[in-house]
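A.B. asks: Sharing work.pdb, PDB, C-alpha atoms:
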ATOM      1  CA  MET A   1       3.906 -15.002  -9.130
ATOM      2  CA  THR A   2       4.265 -16.533  -5.665
ATOM      3  CA  THR A   3       7.639 -15.894  -4.041
ATOM      4  CA  VAL A   4       8.612 -19.026  -2.155
ATOM      5  CA  PRO A   5      11.355 -18.869   0.486
ATOM      6  CA  THR A   6      13.733 -21.821   0.221
ATOM      7  CA  ASP A   7      15.748 -21.418   3.407
ATOM      8  CA  THR A   8      13.100 -22.352   5.962
ATOM      9  CA  GLY A   9      10.037 -24.525   6.498
ATOM     10  CA  VAL A  10       6.416 -23.683   7.045
ATOM     11  CA  GLY A  11       6.775 -23.962  10.839
ATOM     12  CA  PRO A  12       9.343 -21.171  11.269
ATOM     13  CA  LEU A  13       7.428 -19.041   8.786
ATOM     14  CA  LEU A  14       4.222 -19.421  10.778
ATOM     15  CA  ARG A  15       6.096 -18.680  13.980
ATOM     16  CA  GLY A  16       7.461 -15.512  12.382
ATOM     17  CA  TRP A  17       3.953 -14.362  11.484
ATOM     18  CA  ARG A  18       2.692 -15.195  14.978
ATOM     19  CA  GLU A  19       5.485 -13.221  16.629
ATOM     20  CA  ARG A  20       4.940 -10.336  14.239
ATOM     21  CA  ARG A  21       1.303 -10.237  15.315
ATOM     22  CA  ARG A  22       2.341 -10.559  18.975
ATOM     23  CA  ILE A  23       0.065 -13.516  19.592
ATOM     24  CA  SER A  24       0.969 -16.355  21.954
ATOM     25  CA  GLN A  25       0.777 -19.999  20.902
ATOM     26  CA  LEU A  26      -2.127 -20.493  23.293
ATOM     27  CA  GLU A  27      -4.070 -17.531  21.911
ATOM     28  CA  LEU A  28      -3.520 -18.693  18.337
ATOM     29  CA  ALA A  29      -4.569 -22.223  19.271
ATOM     30  CA  LEU A  30      -7.817 -20.955  20.793
ATOM     31  CA  ARG A  31      -8.580 -18.876  17.711
ATOM     32  CA  ALA A  32      -7.818 -21.742  15.325
ATOM     33  CA  ASP A  33      -9.621 -24.434  17.364
ATOM     34  CA  SER A  34      -6.352 -26.281  18.003
ATOM     35  CA  SER A  35      -4.009 -26.779  20.960
ATOM     36  CA  ALA A  36      -0.900 -24.903  22.033
ATOM     37  CA  ARG A  37       0.974 -28.228  21.917
ATOM     38  CA  HIS A  38       0.054 -28.781  18.264
ATOM     39  CA  ILE A  39       0.965 -25.194  17.353
ATOM     40  CA  SER A  40       4.332 -25.730  19.030
ATOM     41  CA  PHE A  41       4.908 -28.969  17.116
ATOM     42  CA  VAL A  42       4.037 -27.268  13.825
ATOM     43  CA  GLU A  43       6.372 -24.338  14.483
ATOM     44  CA  THR A  44       9.286 -26.596  15.413
ATOM     45  CA  GLY A  45       8.736 -28.972  12.508
ATOM     46  CA  ARG A  46       7.706 -31.937  14.657
ATOM     47  CA  ALA A  47       4.256 -31.978  13.010
ATOM     48  CA  ARG A  48       3.271 -31.296   9.404
ATOM     49  CA  PRO A  49       0.157 -29.116   9.295
ATOM     50  CA  SER A  50      -2.699 -30.065   7.005
ATOM     51  CA  GLU A  51      -3.647 -27.757   4.165
ATOM     52  CA  ASP A  52      -6.711 -26.675   6.126
ATOM     53  CA  MET A  53      -4.589 -25.928   9.187
ATOM     54  CA  VAL A  54      -2.150 -23.790   7.185
ATOM     55  CA  LEU A  55      -5.039 -21.752   5.818
ATOM     56  CA  ARG A  56      -6.720 -21.473   9.206
ATOM     57  CA  LEU A  57      -3.572 -20.268  10.920
ATOM     58  CA  ALA A  58      -2.838 -17.857   8.088
ATOM     59  CA  GLU A  59      -6.346 -16.420   8.355
ATOM     60  CA  HIS A  60      -6.104 -15.876  12.113
ATOM     61  CA  LEU A  61      -2.653 -14.342  11.689
ATOM     62  CA  ASP A  62      -3.977 -11.996   8.978
ATOM     63  CA  VAL A  63      -1.327 -13.165   6.514
ATOM     64  CA  PRO A  64      -1.567 -11.412   3.118
ATOM     65  CA  VAL A  65      -3.037 -13.572   0.343
ATOM     66  CA  ARG A  66       0.213 -13.759  -1.637
ATOM     67  CA  GLU A  67       2.035 -14.979   1.466
ATOM     68  CA  ARG A  68      -0.667 -17.571   2.144
ATOM     69  CA  ASN A  69       0.161 -19.108  -1.224
ATOM     70  CA  ALA A  70       3.833 -19.154  -0.250
ATOM     71  CA  LEU A  71       3.022 -20.900   3.046
ATOM     72  CA  LEU A  72       1.010 -23.558   1.214
ATOM     73  CA  VAL A  73       3.803 -24.232  -1.273
ATOM     74  CA  VAL A  74       6.436 -24.533   1.453
ATOM     75  CA  ALA A  75       4.124 -26.922   3.319
ATOM     76  CA  GLY A  76       3.877 -29.083   0.190
ATOM     77  CA  TYR A  77       0.469 -27.999  -1.101
ATOM     78  CA  ALA A  78      -0.702 -26.205  -4.222
ATOM     79  CA  PRO A  79      -1.365 -22.451  -4.080
ATOM     80  CA  ARG A  80      -4.990 -21.712  -3.264
ATOM     81  CA  TYR A  81      -5.350 -18.156  -4.569
ATOM     82  CA  ALA A  82      -5.162 -17.184  -8.239
ATOM     83  CA  GLN A  83      -3.316 -14.124  -9.517
ATOM     84  CA  THR A  84      -5.439 -12.828 -12.365
ATOM     85  CA  PRO A  85      -3.969 -10.036 -14.522
ATOM     86  CA  LEU A  86      -5.959  -6.857 -14.098
ATOM     87  CA  GLY A  87      -6.574  -6.758 -17.840
ATOM     88  CA  ASP A  88      -8.180 -10.205 -17.846
ATOM     89  CA  PRO A  89     -11.846 -10.233 -18.979
ATOM     90  CA  ALA A  90     -12.750 -11.928 -15.708
ATOM     91  CA  LEU A  91     -11.894  -8.699 -13.857
ATOM     92  CA  ALA A  92     -13.804  -6.419 -16.236
ATOM     93  CA  PRO A  93     -16.622  -5.778 -13.698
ATOM     94  CA  LEU A  94     -14.007  -4.816 -11.110
ATOM     95  CA  ARG A  95     -12.279  -2.390 -13.465
ATOM     96  CA  GLU A  96     -15.587  -0.827 -14.469
ATOM     97  CA  GLY A  97     -16.561  -0.394 -10.841
ATOM     98  CA  LEU A  98     -13.237   1.244 -10.023
ATOM     99  CA  ASP A  99     -13.587   3.627 -12.967
ATOM    100  CA  ARG A 100     -17.057   4.661 -11.769
ATOM    101  CA  LEU A 101     -15.764   5.173  -8.247
ATOM    102  CA  LEU A 102     -12.871   7.365  -9.411
ATOM    103  CA  ALA A 103     -15.108   9.420 -11.683
ATOM    104  CA  GLY A 104     -17.678   9.844  -8.923
ATOM    105  CA  TYR A 105     -15.020  11.257  -6.596
ATOM    106  CA  GLU A 106     -14.130  14.104  -8.961
ATOM    107  CA  PRO A 107     -13.146  16.887  -8.726
ATOM    108  CA  TYR A 108     -11.144  15.517  -5.806
ATOM    109  CA  PRO A 109      -8.054  13.435  -6.652
ATOM    110  CA  ALA A 110      -8.189   9.629  -6.445
ATOM    111  CA  LEU A 111      -6.175   6.746  -7.840
ATOM    112  CA  VAL A 112      -5.821   2.961  -7.685
ATOM    113  CA  LEU A 113      -2.449   1.382  -6.843
ATOM    114  CA  ASP A 114      -1.104  -2.153  -6.962
ATOM    115  CA  GLY A 115       1.229  -3.762  -4.422
ATOM    116  CA  THR A 116       4.300  -1.914  -5.697
ATOM    117  CA  TYR A 117       2.591   1.505  -5.873
ATOM    118  CA  THR A 118       2.129   1.352  -9.635
ATOM    119  CA  VAL A 119      -0.841   3.501 -10.660
ATOM    120  CA  VAL A 120      -3.384   1.338 -12.482
ATOM    121  CA  ALA A 121      -6.118   3.996 -12.699
ATOM    122  CA  ALA A 122      -6.579   7.654 -11.765
ATOM    123  CA  ASN A 123      -9.157  10.397 -12.188
ATOM    124  CA  ARG A 124      -9.004  13.948 -13.569
ATOM    125  CA  GLY A 125      -8.447  15.408 -10.108
ATOM    126  CA  MET A 126      -5.230  13.438  -9.850
ATOM    127  CA  ALA A 127      -4.171  14.493 -13.341
ATOM    128  CA  LEU A 128      -4.671  18.135 -12.311
ATOM    129  CA  LEU A 129      -2.149  17.763  -9.484
ATOM    130  CA  MET A 130       0.345  16.125 -11.865
ATOM    131  CA  GLU A 131       0.711  19.288 -13.940
ATOM    132  CA  GLY A 132       4.376  20.179 -14.262
ATOM    133  CA  VAL A 133       5.706  16.701 -13.459
ATOM    134  CA  SER A 134       8.513  15.533 -15.743
ATOM    135  CA  PRO A 135       7.145  13.535 -18.720
ATOM    136  CA  GLU A 136       9.655  10.775 -17.978
ATOM    137  CA  LEU A 137       8.030  10.175 -14.586
ATOM    138  CA  LEU A 138       4.567  10.101 -16.154
ATOM    139  CA  ALA A 139       5.479   7.454 -18.730
ATOM    140  CA  PRO A 140       4.010   3.987 -18.053
ATOM    141  CA  PRO A 141       4.329   2.291 -15.701
ATOM    142  CA  LEU A 142       3.557   5.330 -13.569
ATOM    143  CA  ASN A 143       4.679   4.835  -9.968
ATOM    144  CA  ALA A 144       3.095   6.936  -7.210
ATOM    145  CA  MET A 145       6.156   6.940  -4.940
ATOM    146  CA  ARG A 146       8.505   8.026  -7.725
ATOM    147  CA  VAL A 147       6.152  10.788  -8.885
ATOM    148  CA  THR A 148       5.683  12.072  -5.341
ATOM    149  CA  LEU A 149       9.271  12.029  -4.074
ATOM    150  CA  HIS A 150      11.389  12.606  -7.190
ATOM    151  CA  PRO A 151      12.939  16.100  -7.489
ATOM    152  CA  ASP A 152      11.346  16.368 -10.951
ATOM    153  CA  GLY A 153       7.994  15.201  -9.630
ATOM    154  CA  LEU A 154       5.664  16.627  -7.009
ATOM    155  CA  ALA A 155       8.339  16.960  -4.310
ATOM    156  CA  PRO A 156       9.355  20.592  -5.038
ATOM    157  CA  ARG A 157       5.710  21.679  -4.716
ATOM    158  CA  ILE A 158       4.909  19.784  -1.504
ATOM    159  CA  VAL A 159       5.006  22.410   1.213
ATOM    160  CA  ASN A 160       5.445  19.971   4.131
ATOM    161  CA  LEU A 161       7.755  17.653   2.190
ATOM    162  CA  ASP A 162       9.863  16.564   5.167
ATOM    163  CA  GLN A 163       6.801  15.310   7.056
ATOM    164  CA  TRP A 164       5.052  13.815   4.016
ATOM    165  CA  ARG A 165       8.224  12.084   2.799
ATOM    166  CA  ALA A 166       8.875  10.567   6.227
ATOM    167  CA  ASP A 167       5.296   9.287   6.383
ATOM    168  CA  LEU A 168       5.496   7.685   2.911
ATOM    169  CA  LEU A 169       8.820   5.994   3.648
ATOM    170  CA  ALA A 170       7.473   4.662   6.948
ATOM    171  CA  GLN A 171       4.433   3.321   5.086
ATOM    172  CA  MET A 172       6.720   1.503   2.658
ATOM    173  CA  GLU A 173       8.793   0.079   5.515
ATOM    174  CA  ARG A 174       5.663  -1.375   7.108
ATOM    175  CA  GLN A 175       4.685  -2.931   3.783
ATOM    176  CA  ILE A 176       8.146  -4.433   3.289
ATOM    177  CA  ALA A 177       7.939  -5.965   6.770
ATOM    178  CA  LEU A 178       4.759  -7.786   5.710
ATOM    179  CA  VAL A 179       5.780  -9.154   2.310
ATOM    180  CA  ARG A 180       8.968 -10.540   0.807
ATOM    181  CA  SER A 181       9.079  -8.337  -2.270
ATOM    182  CA  PRO A 182      12.432  -7.588  -3.960
ATOM    183  CA  GLU A 183      10.629  -5.087  -6.205
ATOM    184  CA  LEU A 184       9.249  -3.173  -3.214
ATOM    185  CA  ARG A 185      12.636  -3.176  -1.463
ATOM    186  CA  ALA A 186      14.338  -1.885  -4.631
ATOM    187  CA  LEU A 187      11.710   0.851  -4.981
ATOM    188  CA  TYR A 188      12.195   1.898  -1.350
ATOM    189  CA  ASP A 189      15.991   2.083  -1.755
ATOM    190  CA  GLU A 190      15.525   4.172  -4.910
ATOM    191  CA  VAL A 191      13.071   6.763  -3.588
ATOM    192  CA  ALA A 192      14.740   7.034  -0.168
ATOM    193  CA  ALA A 193      17.936   8.041  -1.946
ATOM    194  CA  TYR A 194      16.322  10.892  -3.901
ATOM    195  CA  PRO A 195      17.731  14.284  -2.892
ATOM    196  CA  VAL A 196      15.269  16.460  -1.028
ATOM    197  CA  PRO A 197      14.589  19.632  -3.063
ATOM    198  CA  ARG A 198      15.850  22.807  -1.414
ATOM    199  CA  ARG A 199      14.591  26.355  -1.863
ATOM    200  CA  ALA A 200      16.751  29.397  -2.528
ATOM    201  CA  GLY A 201      16.774  30.191   1.189
ATOM    202  CA  GLY A 202      18.495  26.884   1.938
ATOM    203  CA  GLY A 203      15.624  25.116   3.672
ATOM    204  CA  PRO A 204      13.555  22.144   2.542
ATOM    205  CA  ALA A 205      10.944  22.914  -0.096
ATOM    206  CA  GLY A 206       8.040  24.716   1.553
ATOM    207  CA  ALA A 207       9.365  24.297   5.114
ATOM    208  CA  ASP A 208       8.472  27.898   5.903
ATOM    209  CA  ARG A 209       4.791  27.307   5.082
ATOM    210  CA  GLU A 210       4.021  23.979   6.762
ATOM    211  CA  ARG A 211       0.517  23.516   8.065
ATOM    212  CA  ALA A 212      -0.546  21.152  10.786
ATOM    213  CA  ALA A 213      -3.901  19.388  11.067
ATOM    214  CA  PRO A 214      -4.988  18.417  14.585
ATOM    215  CA  PHE A 215      -6.506  15.099  13.465
ATOM    216  CA  ALA A 216      -4.362  13.860  10.534
ATOM    217  CA  LEU A 217      -1.222  14.806   8.612
ATOM    218  CA  PRO A 218      -2.229  16.637   5.424
ATOM    219  CA  MET A 219      -0.353  16.793   2.152
ATOM    220  CA  VAL A 220       0.086  20.507   1.521
ATOM    221  CA  ILE A 221       0.976  21.270  -2.088
ATOM    222  CA  GLU A 222       1.257  24.303  -4.329
ATOM    223  CA  HIS A 223      -0.809  24.371  -7.507
ATOM    224  CA  ARG A 224      -1.179  27.293  -9.898
ATOM    225  CA  GLY A 225      -0.124  29.781  -7.270
ATOM    226  CA  ARG A 226      -2.445  28.372  -4.587
ATOM    227  CA  VAL A 227      -1.568  26.276  -1.552
ATOM    228  CA  LEU A 228      -3.855  23.249  -1.369
ATOM    229  CA  SER A 229      -4.265  20.890   1.570
ATOM    230  CA  PHE A 230      -5.420  17.268   1.338
ATOM    231  CA  LEU A 231      -6.101  14.412   3.726
ATOM    232  CA  SER A 232      -5.300  10.988   2.298
ATOM    233  CA  SER A 233      -7.219   7.776   2.942
ATOM    234  CA  ILE A 234      -6.583   4.263   1.609
ATOM    235  CA  ALA A 235      -9.202   1.549   1.073
ATOM    236  CA  THR A 236      -8.695  -2.128   0.210
ATOM    237  CA  PHE A 237     -11.051  -4.992  -0.621
ATOM    238  CA  ASN A 238     -12.545  -7.166   2.111
ATOM    239  CA  THR A 239     -11.832 -10.940   2.022
ATOM    240  CA  PRO A 240     -10.153 -10.982  -1.418
ATOM    241  CA  MET A 241      -9.772 -14.379  -3.099
ATOM    242  CA  ASP A 242      -7.271 -13.275  -5.742
ATOM    243  CA  VAL A 243      -3.722 -11.983  -5.222
ATOM    244  CA  THR A 244      -4.167  -9.130  -7.709
ATOM    245  CA  VAL A 245      -7.356  -7.900  -6.052
ATOM    246  CA  ALA A 246      -5.872  -8.316  -2.578
ATOM    247  CA  GLU A 247      -3.022  -5.961  -3.424
ATOM    248  CA  LEU A 248      -5.121  -3.187  -4.973
ATOM    249  CA  ALA A 249      -5.548  -0.031  -2.915
ATOM    250  CA  ILE A 250      -7.797   2.949  -3.616
ATOM    251  CA  GLU A 251      -6.243   6.193  -2.371
ATOM    252  CA  THR A 252      -8.428   9.269  -2.171
ATOM    253  CA  PHE A 253      -7.476  12.838  -1.306
ATOM    254  CA  LEU A 254     -10.084  14.809   0.609
ATOM    255  CA  PRO A 255      -9.775  18.618   0.711
ATOM    256  CA  ALA A 256      -8.707  19.651   4.199
ATOM    257  CA  ASP A 257     -10.152  23.158   3.838
ATOM    258  CA  ARG A 258     -12.789  25.030   1.871
ATOM    259  CA  GLU A 259     -10.219  26.885  -0.227
ATOM    260  CA  THR A 260      -8.840  23.630  -1.595
ATOM    261  CA  ALA A 261     -12.307  22.329  -2.439
ATOM    262  CA  ALA A 262     -13.235  25.579  -4.183
ATOM    263  CA  HIS A 263     -10.013  25.538  -6.228
ATOM    264  CA  LEU A 264     -10.665  22.015  -7.488
ATOM    265  CA  HIS A 265     -14.298  22.739  -8.340
ATOM    266  CA  ALA A 266     -13.251  25.851 -10.257
ATOM    267  CA  HIS A 267     -10.748  23.971 -12.400
ATOM    268  CA  LEU A 268     -12.741  20.764 -12.970
ATOM    269  CA  SER A 269     -16.315  22.040 -13.100
TER     270      SER A 269
END
Translate the structure described by the file into structure tokens.
C.D. replies:
Amino acid sequence: MTTVPTDTGVGPLLRGWRERRRISQLELALRADSSARHISFVETGRARPSEDMVLRLAEHLDVPVRERNALLVVAGYAPRYAQTPLGDPALAPLREGLDRLLAGYEPYPALVLDGTYTVVAANRGMALLMEGVSPELLAPPLNAMRVTLHPDGLAPRIVNLDQWRADLLAQMERQIALVRSPELRALYDEVAAYPVPRRAGGGPAGADRERAAPFALPMVIEHRGRVLSFLSSIATFNTPMDVTVAELAIETFLPADRETAAHLHAHLS
């Protein structure tokens, strides 16, 4: 569903995206094969942009696909991009490809998320890490942020929880700044309010055993008496033409040391 703002026109919305990207009117005009004067007229409402111009400006401003639909509607045009349910037969090849990718990554953990961090697919490596999580948190729809930060989820076992939590919340803040999503804002407010688990000594869970990686922040987590370390990476689809596909993200967890890799191979051989 396209969320359409009703308190402003397409011009101010485009100006907001331009300022967010820190691009001048002249630079945007050169990229979009227009003129700074026309861009100014569009932003102030003195000129109504064509459908093609809205799409061109949105492309050069790297506006998310869902928000491009919103810009078109505010400008008086029909949405251009479909939002196909992931279970639709038309997306069957995509789902099959994602399943093969996740299975091929085993024994290392991997999962697929939608735009509100709902888990739409995961592999056995991810299920291994979920051992001990409260069944209520694992009930559909499973949400990655809730499972990670809830006191009955992974949080008590994350050794560097303070660092990892701060990184996840900052990631959510950046996402909220890009899209007008009441669901994402509500999720952020919920998980940010979770109490941080404390150990018997009074410090944050695992604070006495934090590890640092010189090239990326790892997630360091306890599992079956072992301390495992993972580096996370997120991949998205290039030039998506569907809102659902545009908002899918594949998150993979790469072992940050040989001990972690050996542990996973031993338990999922």
A.B. asks: Evaluate the PyMOL selection byres ((chain A and resi 58) around 10) here and jot the selected residues down as a list in words.
C.D. replies: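 Against this file, the PyMOL selection byres ((chain A and resi 58) around 10) returns the residues Leu14, Trp17, Arg18, Ala32, Asp52, Met53, Val54, Leu55, Arg56, Leu57, Glu59, His60, Leu61, Asp62, Val63, Pro64, Val65, Glu67, Arg68, Asn69, Leu71 and Leu72 of chain A.
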A.B. asks: Where does the PyMOL selection byres ((chain A and resi 254-263) around 6) land in this file, that is, which residues does it pick, as a list in words?
C.D. replies: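 Listing what the PyMOL selection byres ((chain A and resi 254-263) around 6) selects in the shown file: Leu228, Ser229, Phe230, Leu231, Phe253, Leu264, His265 and Ala266 of chain A.
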A.B. asks: Can you pull out every residue within 10 Å of range 119-136 of chain A, counting all atoms listed in the file, but drop anything in the same chain fewer than 5 positions away, and send it as an MDAnalysis selection string?
C.D. replies: chainID A and resid 86 95 98:114 141:145 147:148 150:157 221:224 228 248:253 264:265 267:268
A.B. asks: So how many Å separate CA of Tyr188 in chain A and CA of Gln163 in chain A, to one decimal?
C.D. replies: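 Computing it gives 16.7 Å between the two atoms.
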A.B. asks: Report the distance between CA of Pro140 in chain A and CA of Thr118 in chain A in Å, rounded to one decimal place.
C.D. replies: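 Distance between the two atoms: 9.0 Å.
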A.B. asks: Can you measure CA of Thr244 in chain A to CA of Pro85 in chain A for me? One decimal in Å is fine.
C.D. replies: 6.9 Å
A.B. asks: Up to 12 Å from (8.9, 5.2, 2.9) in the file's coordinates: name the residues, counting only C-alpha atoms, as a ChimeraX atom specification.
C.D. replies: /A:117,144-146,148-149,162-177,184-194
A.B. asks: Based on the selection just made, write C-alpha atoms of those residues as an mmCIF file, in the coordinates of the input.
C.D. replies:
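Result file again.cif:
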data_model
loop_
_atom_site.group_PDB
_atom_site.id
_atom_site.type_symbol
_atom_site.label_atom_id
_atom_site.label_comp_id
_atom_site.auth_asym_id
_atom_site.auth_seq_id
_atom_site.Cartn_x
_atom_site.Cartn_y
_atom_site.Cartn_z
ATOM 1 C CA TYR A 117 2.591 1.505 -5.873
ATOM 2 C CA ALA A 144 3.095 6.936 -7.210
ATOM 3 C CA MET A 145 6.156 6.940 -4.940
ATOM 4 C CA ARG A 146 8.505 8.026 -7.725
ATOM 5 C CA THR A 148 5.683 12.072 -5.341
ATOM 6 C CA LEU A 149 9.271 12.029 -4.074
ATOM 7 C CA ASP A 162 9.863 16.564 5.167
ATOM 8 C CA GLN A 163 6.801 15.310 7.056
ATOM 9 C CA TRP A 164 5.052 13.815 4.016
ATOM 10 C CA ARG A 165 8.224 12.084 2.799
ATOM 11 C CA ALA A 166 8.875 10.567 6.227
ATOM 12 C CA ASP A 167 5.296 9.287 6.383
ATOM 13 C CA LEU A 168 5.496 7.685 2.911
ATOM 14 C CA LEU A 169 8.820 5.994 3.648
ATOM 15 C CA ALA A 170 7.473 4.662 6.948
ATOM 16 C CA GLN A 171 4.433 3.321 5.086
ATOM 17 C CA MET A 172 6.720 1.503 2.658
ATOM 18 C CA GLU A 173 8.793 0.079 5.515
ATOM 19 C CA ARG A 174 5.663 -1.375 7.108
ATOM 20 C CA GLN A 175 4.685 -2.931 3.783
ATOM 21 C CA ILE A 176 8.146 -4.433 3.289
ATOM 22 C CA ALA A 177 7.939 -5.965 6.770
ATOM 23 C CA LEU A 184 9.249 -3.173 -3.214
ATOM 24 C CA ARG A 185 12.636 -3.176 -1.463
ATOM 25 C CA ALA A 186 14.338 -1.885 -4.631
ATOM 26 C CA LEU A 187 11.710 0.851 -4.981
ATOM 27 C CA TYR A 188 12.195 1.898 -1.350
ATOM 28 C CA ASP A 189 15.991 2.083 -1.755
ATOM 29 C CA GLU A 190 15.525 4.172 -4.910
ATOM 30 C CA VAL A 191 13.071 6.763 -3.588
ATOM 31 C CA ALA A 192 14.740 7.034 -0.168
ATOM 32 C CA ALA A 193 17.936 8.041 -1.946
ATOM 33 C CA TYR A 194 16.322 10.892 -3.901
#
A.B. asks: Just checking: using all atoms listed in the file, which residue out of A:Arg198, A:Arg21, A:Glu247, A:Gly11 ends up closest to Ser40 in chain A?
C.D. replies: A:Gly11
A.B. asks: Can you pull out every residue within 9 Å of Val42 in chain A, counting only C-alpha atoms, but drop anything in the same chain fewer than 4 positions away, and send it as a list in words?
C.D. replies: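 My reading of the contact set: Val10, Gly11, Pro12, Leu14, Arg15, Arg37, His38, Arg46, Ala47, Arg48 and Pro49 of chain A.
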A.B. asks: Between A:Ile23, A:Ala90, A:Leu13, A:Val73, which residue has the minimum interatomic distance to Gly45 in chain A, considering only C-alpha atoms?
C.D. replies: A:Leu13
A.B. asks: I'd like to know which of A:Val196, A:Arg80, A:Gly115, A:Phe237 is closest to Leu178 in chain A, using all atoms listed in the file.
C.D. replies: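 Ranking A:Val196, A:Arg80, A:Gly115, A:Phe237 by distance to Leu178 in chain A, first place goes to A:Gly115.
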A.B. asks: Padding 4 Å on every side, please: axis-aligned box over the listed atoms of range 101-120 of chain A, centre and edge lengths to one decimal in Å, as JSON.
C.D. replies:
{"center_x": -6.7, "center_y": 6.6, "center_z": -8.5, "size_x": 30.0, "size_y": 28.6, "size_z": 16.1}
